[in-house]
Amino acid sequence: MQEFDPSEYAPETVAIRAGYRRTAENEHSEAIFPTSSFVFANAAEAAARFGGEVPGNIYSRFTNPTVRAFEQRLAAMEGGAACVATASGMAAILATMMGLLRSGDHVVCSRSVFGTTTVLLNNYLGRFGVEVSYVRLSDLSAWEAATRPNTRLYFCETPSNPMGELVDIRALAGIAHGRDVLLAVDNCFCTPALQRPLALGADLVIHSATKFLDGQGRCLGGAVVGDAEHVGKEVYGFLRSAGPTLSPFNAWIFLKGLETLHLRMRAHSANALALARWLRDHPKVIAVHYPGLEAHPQHVLAGTQQTGYGGVLSFEVAGGREAAWSVIDATRMLSITANLGDAKSTITHPATTTHGRVAPEQREAQGITEGLIRIAVGLEAVGDVQGDLARGLDRLT
């Protein structure tokens with residue numbers, strides 16, 4: 001079979017064809033290799049592989065053909081030279097931090113990140129002497145002002161969870177590189193189907209593959225994409241030693257998910273925009289946070305930096321937690337779960353779930369009120385999603 005060159009093909013084709021070489025069995029679907037180890041022809045070959053003198057499979061903690069196929073395909077889609085797949089999205093963030101930081105380093109992080117990311121930085125990396133400062137995601141001057149001589153990494157999500165705030169990636173990359181700082185972008189909400197941070201100047205892209213890359217809520221996984229030095233050597237070195245490894249079966253699931261990613265993200269985006277407009281016009285909704293709405297403060301940026309607005313939105317109701325919970329509990333179809341990126345629409349209360357471990361003052365700074373509800377819009381008929389939400393919204397006083 002002729003080698004597949006991703007540079008010759010459209011992104012939709014790359015998502016289906018890149019990163020896999022058929023075995024001698026000539027299978028059409030990618031094979032799963034559920035094995036812990038691999039056999040060598042002789043002792044010399046074993047020594048050469050362990051010593052890095054020749055490439056090849058060694059042990060599935062850090063070399064597995066199915067996982068490698070997922071890594072190579074995702075790297076091609078993001079435009080990166082290397083990818084390291086991990087057991088979860090949080091494992092991808094941990095591997096990035098542990099692979100690139102040391103005691104005494106400083107991180108500047110957007111304050112509008114997933115709650116567990118904040119916990120990881122504050123409660124765990126802080127124990128080992130890594131300092132962190134939090135800034136408003138969209139405020140470029142704040143990023144610059146927070147940078148210190150020992151700043152090693154900028155970390156952000158764009159769009160953010162759950163408020164849909166954005167940062168100008170190209171501009172932030174310019175600030176970072178002017179200070180010799182690496183920029184890592186969590187691309188979970190957009191995926192490479194809607195946004196390619198590396199092409200905009202970012203150094204690293206982080207994924208929770210659990211979300212849209214899978215697309216059906218089946219399994220956990222994560223990934224880090226970037227260059228051969230920082231990702232292919234440093235992050236990979238941490239994975240090889242510490243072992244937050246993606247399983248071959250999960251890698252195979254993600255390979256199947258990537259094949260339909262572009263189609264799904266267009267459908268998620270269309271449904272989310274329709275739902276956002278309906279919520280905007282509902283008399284019981286006081287605010288809707290979705291970059292696809294013209295009133296969103298960064299609507300223009302979203303339209304230039306992304307090729308779609310994504311499938312996640314949040315909205316606020318008056319009456320705080322009691323009102324928000326009553327809307328959530330009145331639904332019959334929507335899944336009450338904190339996961340997102342599923343074909344099934346999900347609904348959650350961020351202040352008591354995804355961001356429940358974040359200090360109240362930090363939640364307030366992020367705009368995560370007690371009346372905020374997050375919807376990850378799935379692939380159902382959008383009218384059915386609207387009808388399910390109306391059960392609770394129409395009852396509010």
# chains A, B, ... in the order shown; residues from 1 in each chain; ligands from 1
$ residues_around --residues "Thr304 of chain A" --least-positions-apart "6" --cutoff "12 Å" --atoms "only C-alpha atoms" --output "NGL selection string"
:A and (166-170 or 194-196 or 200 or 291-292 or 298)
$ write_last_selection --atoms "all heavy atoms" --output "tab-separated table (two decimals), in the first residue's frame"
chain	number	residue	atom	x	y	z
A	166	LEU	N	-13.28	33.44	24.53
A	166	LEU	CA	-12.18	33.14	23.61
A	166	LEU	C	-10.98	34.03	23.88
A	166	LEU	O	-11.11	35.11	24.47
A	166	LEU	CB	-12.62	33.36	22.16
A	166	LEU	CG	-13.49	32.30	21.47
A	166	LEU	CD1	-14.92	32.38	21.96
A	166	LEU	CD2	-13.45	32.49	19.96
A	167	VAL	N	-9.83	33.57	23.39
A	167	VAL	CA	-8.66	34.42	23.31
A	167	VAL	C	-8.15	34.38	21.88
A	167	VAL	O	-8.31	33.37	21.18
A	167	VAL	CB	-7.56	33.96	24.30
A	167	VAL	CG1	-6.94	32.63	23.88
A	167	VAL	CG2	-6.46	35.02	24.42
A	168	ASP	N	-7.55	35.46	21.45
A	168	ASP	CA	-6.92	35.53	20.13
A	168	ASP	C	-5.63	34.70	20.21
A	168	ASP	O	-4.62	35.15	20.77
A	168	ASP	CB	-6.63	36.98	19.78
A	168	ASP	CG	-6.07	37.16	18.37
A	168	ASP	OD1	-5.35	36.27	17.89
A	168	ASP	OD2	-6.35	38.22	17.77
A	169	ILE	N	-5.66	33.49	19.67
A	169	ILE	CA	-4.53	32.57	19.81
A	169	ILE	C	-3.28	33.13	19.16
A	169	ILE	O	-2.18	33.06	19.72
A	169	ILE	CB	-4.88	31.19	19.22
A	169	ILE	CG1	-6.02	30.54	20.01
A	169	ILE	CG2	-3.65	30.28	19.23
A	169	ILE	CD1	-6.53	29.24	19.40
A	170	ARG	N	-3.43	33.69	17.98
A	170	ARG	CA	-2.25	34.22	17.27
A	170	ARG	C	-1.59	35.34	18.07
A	170	ARG	O	-0.36	35.40	18.21
A	170	ARG	CB	-2.65	34.71	15.88
A	170	ARG	CG	-1.46	34.99	14.97
A	170	ARG	CD	-1.92	35.48	13.61
A	170	ARG	NE	-2.77	34.54	12.90
A	170	ARG	CZ	-2.32	33.50	12.21
A	170	ARG	NH1	-1.03	33.24	12.16
A	170	ARG	NH2	-3.16	32.71	11.57
A	194	LEU	N	-12.74	22.25	13.77
A	194	LEU	CA	-13.18	23.65	13.81
A	194	LEU	C	-12.06	24.63	14.12
A	194	LEU	O	-12.21	25.83	13.86
A	194	LEU	CB	-14.29	23.83	14.87
A	194	LEU	CG	-15.55	23.00	14.72
A	194	LEU	CD1	-16.54	23.36	15.81
A	194	LEU	CD2	-16.18	23.17	13.34
A	195	GLN	N	-10.94	24.17	14.68
A	195	GLN	CA	-9.87	25.09	15.09
A	195	GLN	C	-8.55	24.33	15.13
A	195	GLN	O	-8.49	23.21	15.66
A	195	GLN	CB	-10.19	25.66	16.47
A	195	GLN	CG	-9.14	26.58	17.05
A	195	GLN	CD	-9.60	27.19	18.35
A	195	GLN	OE1	-10.12	28.30	18.37
A	195	GLN	NE2	-9.44	26.47	19.46
A	196	ARG	N	-7.48	24.96	14.61
A	196	ARG	CA	-6.16	24.34	14.62
A	196	ARG	C	-5.17	25.31	15.28
A	196	ARG	O	-4.54	26.14	14.62
A	196	ARG	CB	-5.74	23.97	13.20
A	196	ARG	CG	-6.70	22.98	12.54
A	196	ARG	CD	-6.30	22.65	11.13
A	196	ARG	NE	-5.17	21.75	11.08
A	196	ARG	CZ	-4.13	21.88	10.25
A	196	ARG	NH1	-4.03	22.91	9.45
A	196	ARG	NH2	-3.15	20.99	10.26
A	200	LEU	N	-2.07	28.61	14.29
A	200	LEU	CA	-2.20	29.99	14.76
A	200	LEU	C	-1.04	30.41	15.66
A	200	LEU	O	-1.04	31.52	16.19
A	200	LEU	CB	-3.52	30.16	15.51
A	200	LEU	CG	-4.79	29.94	14.67
A	200	LEU	CD1	-6.02	29.91	15.56
A	200	LEU	CD2	-4.92	31.02	13.60
A	291	PRO	N	-20.53	31.68	21.48
A	291	PRO	CA	-19.84	32.58	20.54
A	291	PRO	C	-20.51	32.70	19.19
A	291	PRO	O	-20.18	33.61	18.42
A	291	PRO	CB	-18.43	31.98	20.44
A	291	PRO	CG	-18.56	30.58	20.92
A	291	PRO	CD	-19.65	30.57	21.93
A	292	GLY	N	-21.45	31.80	18.88
A	292	GLY	CA	-22.15	31.90	17.61
A	292	GLY	C	-23.19	33.00	17.58
A	292	GLY	O	-23.65	33.39	16.49
A	298	GLN	N	-17.08	38.25	21.56
A	298	GLN	CA	-15.98	37.79	20.69
A	298	GLN	C	-16.51	37.00	19.49
A	298	GLN	O	-15.82	36.12	18.96
A	298	GLN	CB	-15.02	36.94	21.52
A	298	GLN	CG	-14.32	37.74	22.61
A	298	GLN	CD	-13.79	36.85	23.69
A	298	GLN	OE1	-14.50	36.05	24.28
A	298	GLN	NE2	-12.50	36.96	23.95
$ select_by_dssp --residues "segment 8-122 of chain A" --states "strand (DSSP E)" --output "ChimeraX atom specification"
/A:82-86,106-110
$ closest_residue --among "A:Asn64, A:Thr116, A:Thr346, A:Thr23" --to "Phe249 of chain A" --atoms "only C-alpha atoms"
A:Asn64
$ residues_around --residues "Thr35 of chain A" --least-positions-apart "2" --cutoff "7 Å" --atoms "only C-alpha atoms" --output "short mmCIF file (atom, residue, chain, number, x, y, z; two decimals) with C-alpha atoms, in the first residue's frame"
data_model
loop_
_atom_site.label_atom_id
_atom_site.label_comp_id
_atom_site.auth_asym_id
_atom_site.auth_seq_id
_atom_site.Cartn_x
_atom_site.Cartn_y
_atom_site.Cartn_z
CA PHE A 33 -3.44 -4.94 19.34
CA SER A 37 4.45 -6.79 25.22
CA SER A 60 2.32 -1.25 25.38
#
$ closest_residue --among "A:Asp5, A:Asp105, A:Glu53, A:Asp388" --to "Arg17 of chain A" --atoms "only C-alpha atoms"
A:Asp5
